[in-house]
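Quick notes on the structure that follows.
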4 protein chains.
Amino acid sequence: MPRPLSKKARNKAIEASQMLIAECGIEGFTMDGVAKLSGVAKTTLYRHWNSASELLVHALDCQVERIPTPDTGSLPGDLFELFSTMRAIINQPGTRQLFLEMASASARDPELESVKEAMVGERMRPIREIVRRAVERGEIPETDLEVAAVTVEGPFVARMFMSSEPLREDEVRAYIDFIARGLGVSSPIHQPG
Amino acid sequence: MPRPLSKKARNKAIEASQMLIAECGIEGFTMDGVAKLSGVAKTTLYRHWNSASELLVHALDCQVERIPTPDTGSLPGDLFELFSTMRAIINQPGTRQLFLEMASASARDPELESVKEAMVGERMRPIREIVRRAVERGEIPETDLEVAAVTVEGPFVARMFMSSEPLREDEVRAYIDFIARGLGVSSPIHQPG
Amino acid sequence: MPRPLSKKARNKAIEASQMLIAECGIEGFTMDGVAKLSGVAKTTLYRHWNSASELLVHALDCQVERIPTPDTGSLPGDLFELFSTMRAIINQPGTRQLFLEMASASARDPELESVKEAMVGERMRPIREIVRRAVERGEIPETDLEVAAVTVEGPFVARMFMSSEPLREDEVRAYIDFIARGLGVSSPIHQPG
Amino acid sequence: MPRPLSKKARNKAIEASQMLIAECGIEGFTMDGVAKLSGVAKTTLYRHWNSASELLVHALDCQVERIPTPDTGSLPGDLFELFSTMRAIINQPGTRQLFLEMASASARDPELESVKEAMVGERMRPIREIVRRAVERGEIPETDLEVAAVTVEGPFVARMFMSSEPLREDEVRAYIDFIARGLGVSSPIHQPG
DNA sequence: TGTTAAGCGAGACGGTACGTCGCGTCTTAAT
DNA sequence: ATTAAGACGCGACGTACCGTCTCGCTTAACA
């Protein structure tokens with residue numbers, strides 16, 4: 001019966017958060033700052049998000065684009081398509097920070113686990129889908145989808161985790177070659193030179 | 001010309017820092033905390049390190065475990081050996097969190113980047129060595145060592161990133177199977193079915 | 001033409017206010033608290049009273065106990081009777097605190113002055129009456145009733161102000177002896193020694 | 001060994017508090033306000049005083065002058081002297097508030113009890129002294145000093161408690177007459193018109 | 001006997017102050 | 001002259017009430 005949490009306040013807050021992050025970096029992100037910049041009262045911010053880092057994560061999350069699941073008919077094709085998109089996104093400023101931020105925040109605060117779950121799930125959904133279809137097509141042997149998803153995304157996650165350098169296309173190709181072989185796919189796409 | 005900065009204070013501070021990190025995580029690391037725990041005055045801490053994160057970095061840096069590089073004669077054997085050690089380390093309570101926090105902290109604070117680099121590098125060194133030897137033995141075709149290291153590490157990093165469940169041995173085996181195939185190894189240690 | 005402000009809500013609010021004050025003191029009195037405890041919406045509270053202190057005042061005002069004026073035929077007898085009742089009230093847990101908080105709150109907030117006036121007035125009325133009758137009986141010389149009331153009340157107020165110890169009966173007797181002499185009464189009820 | 005709480009900060013804070021109270025009333029007294037006005041950090045304020053009301057009480061306390069103990073040779077004389085001074089002080093703005101504030105604060109917070117004790121004790125010391133000397137001189141019969149002090153100050157405390165009107169000289173005279181008779185002193189000072 | 005304007009519950013909202021925590025600097029006394 | 005101890009200015013944190021607002025729902029007086 002009462003008013004629901006207003007989308008207006010919510011959006012103003014998120015927008016202000018993103019502006020603040022853009023201007024001052026993650027370091028400069030502040031609840032007081034967001035409140036002042038957005039015109040949304042601090043109290044209200046805390047009504048919508050439980051902590052500063054929760055809003056931070058959310059604001060970053062909203063900046064990251066959704067990835068469509070490609071369907072080229074072959075596993076390597078799908079992977080190449082997917083990771084090309086992914087590469088563009090990962091190389092956007094802030095994306096890497098989002099993932100790392102979120103990972104550590106959720107490790108610290110169990111309440112954030114579900115948020116992370118959703119975010120990670122959303123990002124990893126296409127991979128699972130691609131692998132599932134490849135199995136259905138008989139392109140690769142039956143596998144535990146979960147393990148497969150982890151192995152497929154593995155190199156990308158590791159790369160992101162370890163280096164802040166932008167991901168190059170040739171790296172993507174190399175990873176896909178590797179993954180395809182690992183999954184036992186018949187014809188890798190590898191096109192040298 | 002007066003007394004130089006004392007090593008005693010320095011060591012007490014580092015030790016206390018490590019204890020604090022172990023107990024409370026990176027989040028719980030505090031100059032006041034270190035001062036109180038170590039008995040070294042805050043003034044002194046700032047004389048030795050210029051900021052909180054500098055000391056944090058240093059303390060973590062001193063803590064990076066040297067993982068011995070196994071040498072069983074076969075790539076899968078080496079990997080299994082290595083990741084068994086790794087698994088023990090990763091499954092220690094707090095390790096996962098430390099890694100994740102490290103990651104996000106370093107994304108925020110460029111000063112931390114160097115330590116993360118060191119921690120990551122230390123983990124990567126044995127992998128590079130193992131792959132290099134496998135190539136020398138003719139067990140696998142020539143590869144870019146850097147890419148290989150990332151692909152090998154990949155599933156483990158991704159697993160750690162995604163799930164807080166302890167890593168099981170059978171998962172390690174599955175990942176190694178996958179990696180071995182991905183690297184083009186002739187005879188994997190373990191055939192499914 | 002529409003519906004008038006409902007007495008039901010009004011009464012629930014007042015009752016809840018009194019409960020809140022009884023439990024948490026004036027300090028603990030809160031519009032949110034009253035709303036929650038009474039089930040009356042904050043909106044409604046503000047429709048009935050213009051501010052928190054207005055409701056507080058009203059609730060306290062409704063609570064002022066009517067102390068019966070004793071009539072034993074002698075001034076000391078009347079006083080003893082009156083202050084025995086008073087003693088019982090003052091020694092109730094919370095009463096002292098309520099009075100003191102009332103006093104300071106009214107010093108801060110002029111809106112509360114009127115309630116305090118009411119509370120004080122109600123306490124003074126029997127005293128004035130008792131003294132008036134004593135004068136009529138010729139028991140004591142003519143006096144300014146206002147001054148007399150203050151002097152009679154004096155020791156009890158001061159006692160309450162200074163000490164949180166419960167008021168003992170022998171103290172009451174001592175004060176009454178003193179007061180009776182001060183008022184010039186012929187035969188005190190109680191000779192020391 | 002470390003720096004003691006600095007008197008400079010302390011004094012600046014008290015002064016600012018008094019200015020704030022003078023300008024905005026007790027209602028307008030605020031820790032943030034004091035911090036801003038004084039240039040003393042809020043943290044430091046809380047290092048010196050445990051709460052806003054503790055500083056408030058202290059600041060008010062510092063505004064109240066110390067009362068010298070008169071020694072005219074007779075009880076009524078001493079009382080008249082004392083209460084004339086007292087009257088001047090009580091009629092100063094803030095004094096009444098101080099007493100009431102302090103009383104309720106100490107009733108609420110046991111930690112303040114000692115502060116109140118000190119303040120009240122300081123104020124009541126002259127009364128006890130005066131009565132003690134009157135007993136020594138044989139001017140009045142032996143009495144329990146504590147009870148005597150309460151009865152003497154009674155009317156004044158009650159007056160202060162009950163009314164915010166300034167205390168008039170004729171009231172003081174009336175109270176002293178009353179007190180003198182109550183204590184059984186031989187020759188009241190009463191000088192009609 | 002509807003109609004309808006107001007009362008009502010729930011609680012979100014913009015504010016302001018609270019009291020706490022960590023940072024990095026400073027001051028003091030004691031080695 | 002370095003140290004231990006810790007006070008200091010700063011500024012963010014997350015919480016508590018305030019008094020206002022916006023919702024649907026209910027209800028009593030009028031038409």
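Convention: chains lettered A, B, ... in structure tokens order; per-chain residue numbering from 1; ligands numbered from 1 as shown.
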Which residues of chain E come within 10 Å of region 29-46 of chain A, and what is each one's closest atom pair and distance in Å (one decimal), counting only C-alpha atoms (C1' of nucleotides), sorted by chain and residue number, as a Markdown table?
| residue | atom | partner | partner_atom | distance |
| --- | --- | --- | --- | --- |
| E:DA12 | C1' | A:Thr44 | CA | 7.9 |
| E:DC13 | C1' | A:Thr44 | CA | 6.9 |
| E:DG14 | C1' | A:Ala41 | CA | 5.6 |
| E:DG15 | C1' | A:Ala41 | CA | 7.4 |
Could you pull the residues within 9 Å of region 132-148 of chain D, counting only C-alpha atoms (C1' of nucleotides), minus those fewer than 4 positions along the same chain, as a VMD selection string?
-> (chain C and resid 155 159 171 174 to 175 178) or (chain D and resid 71 73 to 75 127 to 128 152 to 153 183 to 186)
Selection to disk with N, CA and C atoms, as a compact mmCIF listing (two decimals), in the first residue's frame:
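Here's the written file selection.txt:
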# COMPACT_ATOMS: atom_id res chain seq x y z
N PRO C 155 11.75 21.66 50.28
CA PRO C 155 12.67 20.58 50.64
C PRO C 155 12.46 19.33 49.79
N ARG C 159 15.28 17.81 47.47
CA ARG C 159 15.68 16.43 47.70
C ARG C 159 15.66 15.62 46.41
N GLU C 171 12.70 11.25 56.67
CA GLU C 171 13.05 12.51 56.03
C GLU C 171 11.82 13.38 55.89
N ALA C 174 11.10 14.99 59.11
CA ALA C 174 12.04 16.06 59.42
C ALA C 174 11.69 17.32 58.63
N TYR C 175 11.40 17.13 57.35
CA TYR C 175 11.06 18.29 56.53
C TYR C 175 9.78 18.97 57.03
N PHE C 178 10.37 20.98 60.08
CA PHE C 178 11.03 22.22 59.67
C PHE C 178 10.03 23.20 59.08
N ASP D 71 30.38 35.44 55.46
CA ASP D 71 30.59 35.20 56.89
C ASP D 71 30.29 36.48 57.67
N GLY D 73 28.54 36.60 60.55
CA GLY D 73 28.44 36.40 61.99
C GLY D 73 27.08 35.92 62.42
N SER D 74 26.07 36.09 61.56
CA SER D 74 24.74 35.56 61.94
C SER D 74 24.17 34.76 60.78
N LEU D 75 23.35 33.78 61.12
CA LEU D 75 22.80 32.92 60.08
C LEU D 75 21.94 33.69 59.09
N ILE D 127 26.18 26.71 51.59
CA ILE D 127 25.04 26.53 52.49
C ILE D 127 25.43 25.66 53.68
N ARG D 128 26.05 24.55 53.37
CA ARG D 128 26.48 23.65 54.43
C ARG D 128 27.41 24.37 55.41
N VAL D 152 17.29 24.39 53.62
CA VAL D 152 17.66 25.78 53.34
C VAL D 152 17.54 26.09 51.86
N GLU D 153 18.12 25.23 51.06
CA GLU D 153 18.10 25.55 49.63
C GLU D 153 16.74 25.24 49.01
N LEU D 183 14.61 26.80 61.09
CA LEU D 183 15.82 26.30 61.74
C LEU D 183 15.84 26.66 63.23
N GLY D 184 14.86 27.47 63.63
CA GLY D 184 14.77 27.81 65.04
C GLY D 184 15.73 28.92 65.45
N VAL D 185 16.05 29.79 64.48
CA VAL D 185 16.98 30.86 64.81
C VAL D 185 16.24 31.94 65.60
N SER D 186 17.00 32.61 66.53
CA SER D 186 16.34 33.53 67.45
C SER D 186 15.78 34.80 66.80
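Interatomic distance, CA of Arg66 (chain C) to CA of Arg123 (chain C): 8.2 Å.
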Contacts of region 51-64 of chain D at 10 Å (only C-alpha atoms (C1' of nucleotides); same-chain gap of 4+ positions) as a PyMOL selection string = (chain D and resi 11+13-19+21+26+29-32+34+45-47+89-90+92-103+105-106+109+111-112+115-116+119+123) or (chain E and resi 18-19)
Output the selection as an mmCIF file, in the first residue's frame - C-alpha atoms (C1' of nucleotides) for each residue.
data_model
loop_
_atom_site.group_PDB
_atom_site.id
_atom_site.type_symbol
_atom_site.label_atom_id
_atom_site.label_comp_id
_atom_site.auth_asym_id
_atom_site.auth_seq_id
_atom_site.Cartn_x
_atom_site.Cartn_y
_atom_site.Cartn_z
ATOM 1 C CA ASN D 11 38.874 26.067 25.510
ATOM 2 C CA ALA D 13 35.389 24.188 22.025
ATOM 3 C CA ILE D 14 33.845 25.548 25.194
ATOM 4 C CA GLU D 15 33.951 29.071 23.913
ATOM 5 C CA ALA D 16 32.362 28.067 20.628
ATOM 6 C CA SER D 17 29.719 26.114 22.503
ATOM 7 C CA GLN D 18 28.808 29.143 24.539
ATOM 8 C CA MET D 19 28.655 31.307 21.454
ATOM 9 C CA ILE D 21 24.133 28.562 22.724
ATOM 10 C CA ILE D 26 20.143 25.174 23.479
ATOM 11 C CA PHE D 29 23.647 23.541 20.064
ATOM 12 C CA THR D 30 25.237 20.922 17.841
ATOM 13 C CA MET D 31 28.460 18.970 17.826
ATOM 14 C CA ASP D 32 28.882 19.612 14.125
ATOM 15 C CA VAL D 34 30.709 23.488 17.585
ATOM 16 C CA LEU D 45 35.245 16.979 20.848
ATOM 17 C CA TYR D 46 34.300 13.392 21.534
ATOM 18 C CA ARG D 47 37.750 12.747 22.935
ATOM 19 C CA ILE D 89 23.353 34.362 39.341
ATOM 20 C CA ILE D 90 20.129 32.453 39.025
ATOM 21 C CA GLN D 92 21.370 35.236 34.630
ATOM 22 C CA PRO D 93 20.193 33.629 31.433
ATOM 23 C CA GLY D 94 21.302 30.031 31.121
ATOM 24 C CA THR D 95 21.716 29.272 34.774
ATOM 25 C CA ARG D 96 18.316 27.800 35.223
ATOM 26 C CA GLN D 97 18.728 25.773 32.082
ATOM 27 C CA LEU D 98 22.065 24.525 33.286
ATOM 28 C CA PHE D 99 20.618 23.156 36.473
ATOM 29 C CA LEU D 100 17.629 21.547 34.852
ATOM 30 C CA GLU D 101 19.656 20.223 31.977
ATOM 31 C CA MET D 102 22.168 18.736 34.271
ATOM 32 C CA ALA D 103 19.611 17.204 36.554
ATOM 33 C CA ALA D 105 21.019 14.431 32.003
ATOM 34 C CA SER D 106 22.420 12.880 35.137
ATOM 35 C CA ASP D 109 23.073 8.846 32.265
ATOM 36 C CA GLU D 111 28.093 8.551 34.096
ATOM 37 C CA LEU D 112 27.098 12.169 34.421
ATOM 38 C CA VAL D 115 29.634 15.746 37.104
ATOM 39 C CA LYS D 116 26.327 16.705 38.625
ATOM 40 C CA MET D 119 28.407 20.952 40.272
ATOM 41 C CA ARG D 123 26.961 25.226 44.613
ATOM 42 C "C1'" DC E 18 24.522 11.793 15.734
ATOM 43 C "C1'" DG E 19 28.637 9.076 17.323
#
Working over all C-alpha atoms in order, superimpose chain A onto chain C by least squares and state the RMSD in Å.
->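 With all C-alpha atoms paired in order, the RMSD is 2.3 Å.
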Quick one: DSSP helix (DSSP H, G or I) residues in chain A, as a ChimeraX atom specification?
-> /A:7-24,26-28,31-38,42-48,52-63,75-90,95-108,110-136,145-162,169-183
Resulting file, chosen residues, C-alpha atoms, as a tab-separated table (two decimals), in the first residue's frame:
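The resulting file, out.tsv, is shown below:
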chain	number	residue	atom	x	y	z
A	7	LYS	CA	12.68	4.38	-9.53
A	8	LYS	CA	13.36	8.06	-9.90
A	9	ALA	CA	15.52	8.25	-6.83
A	10	ARG	CA	17.12	4.96	-7.77
A	11	ASN	CA	18.06	6.12	-11.22
A	12	LYS	CA	19.28	9.49	-10.11
A	13	ALA	CA	21.49	7.77	-7.58
A	14	ILE	CA	22.91	5.31	-10.07
A	15	GLU	CA	23.58	8.01	-12.60
A	16	ALA	CA	25.28	10.19	-10.03
A	17	SER	CA	27.33	7.22	-8.86
A	18	GLN	CA	28.54	6.60	-12.38
A	19	MET	CA	29.39	10.25	-12.84
A	20	LEU	CA	31.27	10.27	-9.59
A	21	ILE	CA	33.20	7.14	-10.51
A	22	ALA	CA	33.97	8.57	-13.91
A	23	GLU	CA	35.26	11.81	-12.43
A	24	CYS	CA	37.00	10.72	-9.29
A	26	ILE	CA	36.43	4.29	-7.45
A	27	GLU	CA	38.44	5.89	-4.69
A	28	GLY	CA	36.36	9.03	-5.04
A	31	MET	CA	27.78	7.98	-0.29
A	32	ASP	CA	27.87	11.61	0.80
A	33	GLY	CA	29.13	12.50	-2.64
A	34	VAL	CA	26.40	10.58	-4.41
A	35	ALA	CA	23.80	12.11	-2.11
A	36	LYS	CA	25.01	15.62	-2.80
A	37	LEU	CA	25.45	15.11	-6.53
A	38	SER	CA	22.18	13.30	-7.09
A	42	LYS	CA	21.75	9.58	2.07
A	43	THR	CA	18.98	7.91	4.03
A	44	THR	CA	17.30	7.02	0.80
A	45	LEU	CA	20.47	5.64	-0.69
A	46	TYR	CA	20.71	3.29	2.26
A	47	ARG	CA	17.06	2.38	1.79
A	48	HIS	CA	17.93	1.13	-1.69
A	52	ALA	CA	28.45	1.97	-0.09
A	53	SER	CA	30.04	-0.98	-1.86
A	54	GLU	CA	26.67	-2.44	-2.77
A	55	LEU	CA	25.74	0.73	-4.60
A	56	LEU	CA	29.18	0.90	-6.13
A	57	VAL	CA	28.87	-2.62	-7.48
A	58	HIS	CA	25.37	-1.95	-8.73
A	59	ALA	CA	26.38	1.26	-10.46
A	60	LEU	CA	29.27	-0.47	-12.15
A	61	ASP	CA	27.03	-3.40	-13.04
A	62	CYS	CA	24.62	-1.10	-14.84
A	63	GLN	CA	27.44	0.22	-16.93
A	75	LEU	CA	31.37	-24.27	-31.26
A	76	PRO	CA	34.52	-22.47	-32.31
A	77	GLY	CA	32.42	-20.01	-34.28
A	78	ASP	CA	30.18	-19.33	-31.33
A	79	LEU	CA	33.15	-18.96	-29.03
A	80	PHE	CA	34.91	-16.59	-31.36
A	81	GLU	CA	31.78	-14.51	-31.73
A	82	LEU	CA	31.15	-14.50	-28.01
A	83	PHE	CA	34.65	-13.66	-26.97
A	84	SER	CA	34.98	-10.97	-29.58
A	85	THR	CA	32.04	-9.23	-27.97
A	86	MET	CA	33.39	-10.06	-24.57
A	87	ARG	CA	36.75	-8.64	-25.45
A	88	ALA	CA	35.21	-5.33	-26.43
A	89	ILE	CA	33.37	-5.21	-23.14
A	90	ILE	CA	36.23	-6.33	-20.95
A	95	THR	CA	34.54	-3.65	-16.41
A	96	ARG	CA	37.54	-5.30	-14.94
A	97	GLN	CA	37.12	-3.32	-11.75
A	98	LEU	CA	33.50	-4.35	-11.57
A	99	PHE	CA	34.32	-8.01	-11.64
A	100	LEU	CA	37.13	-7.80	-9.16
A	101	GLU	CA	35.22	-5.47	-6.88
A	102	MET	CA	32.25	-7.71	-6.90
A	103	ALA	CA	34.23	-10.83	-6.30
A	104	SER	CA	35.94	-9.46	-3.24
A	105	ALA	CA	32.84	-7.77	-1.92
A	106	SER	CA	30.86	-10.96	-2.14
A	107	ALA	CA	33.66	-12.91	-0.51
A	108	ARG	CA	33.54	-10.48	2.37
A	110	PRO	CA	27.63	-13.14	2.23
A	111	GLU	CA	24.63	-10.92	1.56
A	112	LEU	CA	26.22	-9.80	-1.67
A	113	GLU	CA	26.63	-13.41	-2.74
A	114	SER	CA	23.27	-13.37	-4.47
A	115	VAL	CA	24.09	-10.19	-6.36
A	116	LYS	CA	27.35	-11.69	-7.50
A	117	GLU	CA	25.56	-14.90	-8.40
A	118	ALA	CA	23.18	-12.96	-10.61
A	119	MET	CA	25.91	-10.94	-12.25
A	120	VAL	CA	28.21	-13.86	-12.82
A	121	GLY	CA	25.34	-16.04	-13.92
A	122	GLU	CA	24.16	-13.45	-16.40
A	123	ARG	CA	27.65	-13.17	-17.84
A	124	MET	CA	28.27	-16.89	-17.95
A	125	ARG	CA	24.88	-17.92	-19.26
A	126	PRO	CA	25.94	-17.61	-22.92
A	127	ILE	CA	28.88	-19.93	-22.37
A	128	ARG	CA	26.74	-22.63	-20.87
A	129	GLU	CA	24.26	-22.24	-23.70
A	130	ILE	CA	26.96	-22.50	-26.37
A	131	VAL	CA	28.45	-25.61	-24.84
A	132	ARG	CA	25.04	-27.18	-24.39
A	133	ARG	CA	24.24	-26.71	-28.05
A	134	ALA	CA	27.59	-28.12	-29.11
A	135	VAL	CA	26.87	-31.26	-27.10
A	136	GLU	CA	23.41	-31.51	-28.63
A	145	LEU	CA	28.20	-28.30	-18.12
A	146	GLU	CA	29.49	-26.64	-15.02
A	147	VAL	CA	33.01	-27.92	-15.45
A	148	ALA	CA	32.87	-27.09	-19.14
A	149	ALA	CA	31.75	-23.54	-18.45
A	150	VAL	CA	34.57	-23.05	-16.00
A	151	THR	CA	37.14	-24.41	-18.38
A	152	VAL	CA	35.87	-22.32	-21.26
A	153	GLU	CA	35.81	-19.06	-19.43
A	154	GLY	CA	38.95	-19.99	-17.52
A	155	PRO	CA	41.60	-18.32	-19.62
A	156	PHE	CA	39.58	-15.14	-19.90
A	157	VAL	CA	38.93	-14.88	-16.22
A	158	ALA	CA	42.54	-15.64	-15.45
A	159	ARG	CA	43.74	-13.06	-17.96
A	160	MET	CA	41.45	-10.46	-16.47
A	161	PHE	CA	42.48	-11.33	-12.98
A	162	MET	CA	46.17	-11.18	-13.67
A	169	GLU	CA	42.46	-10.44	-30.51
A	170	ASP	CA	45.29	-12.87	-31.09
A	171	GLU	CA	45.09	-13.85	-27.46
A	172	VAL	CA	41.42	-14.59	-27.87
A	173	ARG	CA	42.19	-16.80	-30.88
A	174	ALA	CA	44.85	-18.67	-28.98
A	175	TYR	CA	42.54	-19.26	-26.04
A	176	ILE	CA	39.78	-20.51	-28.28
A	177	ASP	CA	42.10	-22.89	-30.07
A	178	PHE	CA	43.16	-24.19	-26.76
A	179	ILE	CA	39.62	-24.51	-25.47
A	180	ALA	CA	38.37	-26.22	-28.60
A	181	ARG	CA	41.12	-28.80	-28.36
A	182	GLY	CA	40.42	-29.19	-24.67
A	183	LEU	CA	36.77	-29.86	-25.33
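Between C1' of DT27 (chain E) and C1' of DC8 (chain F) lies a distance of 9.5 Å.
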Return the neighbours of chain C among the residues of chain E, cut-off 9 Å, counting only C-alpha atoms (C1' of nucleotides), as a PyMOL selection string.
-> chain E and resi 4-10
Using only C-alpha atoms (C1' of nucleotides), I'd like a table of the residues in chain F that come within 7 Å of chain B; for each, show the closest atom pair and its distance in Å rounded to one decimal, ordered by chain and ascending number, as a tab-separated table.
residue	atom	partner	partner_atom	distance
F:DA1	C1'	B:Pro2	CA	5.9
F:DT2	C1'	B:Arg3	CA	6.9
F:DA4	C1'	B:Ala41	CA	5.4
Output C-alpha atoms (C1' of nucleotides) of each residue in that selection to a file, as a PDB file, in the first residue's frame.
ATOM      1  C1'  DA F   1      67.437  11.875  17.202  1.00  0.00           C
ATOM      2  C1'  DT F   2      64.426   7.892  17.251  1.00  0.00           C
ATOM      3  C1'  DA F   4      56.113   5.021  21.928  1.00  0.00           C
TER       4       DA F   4
END
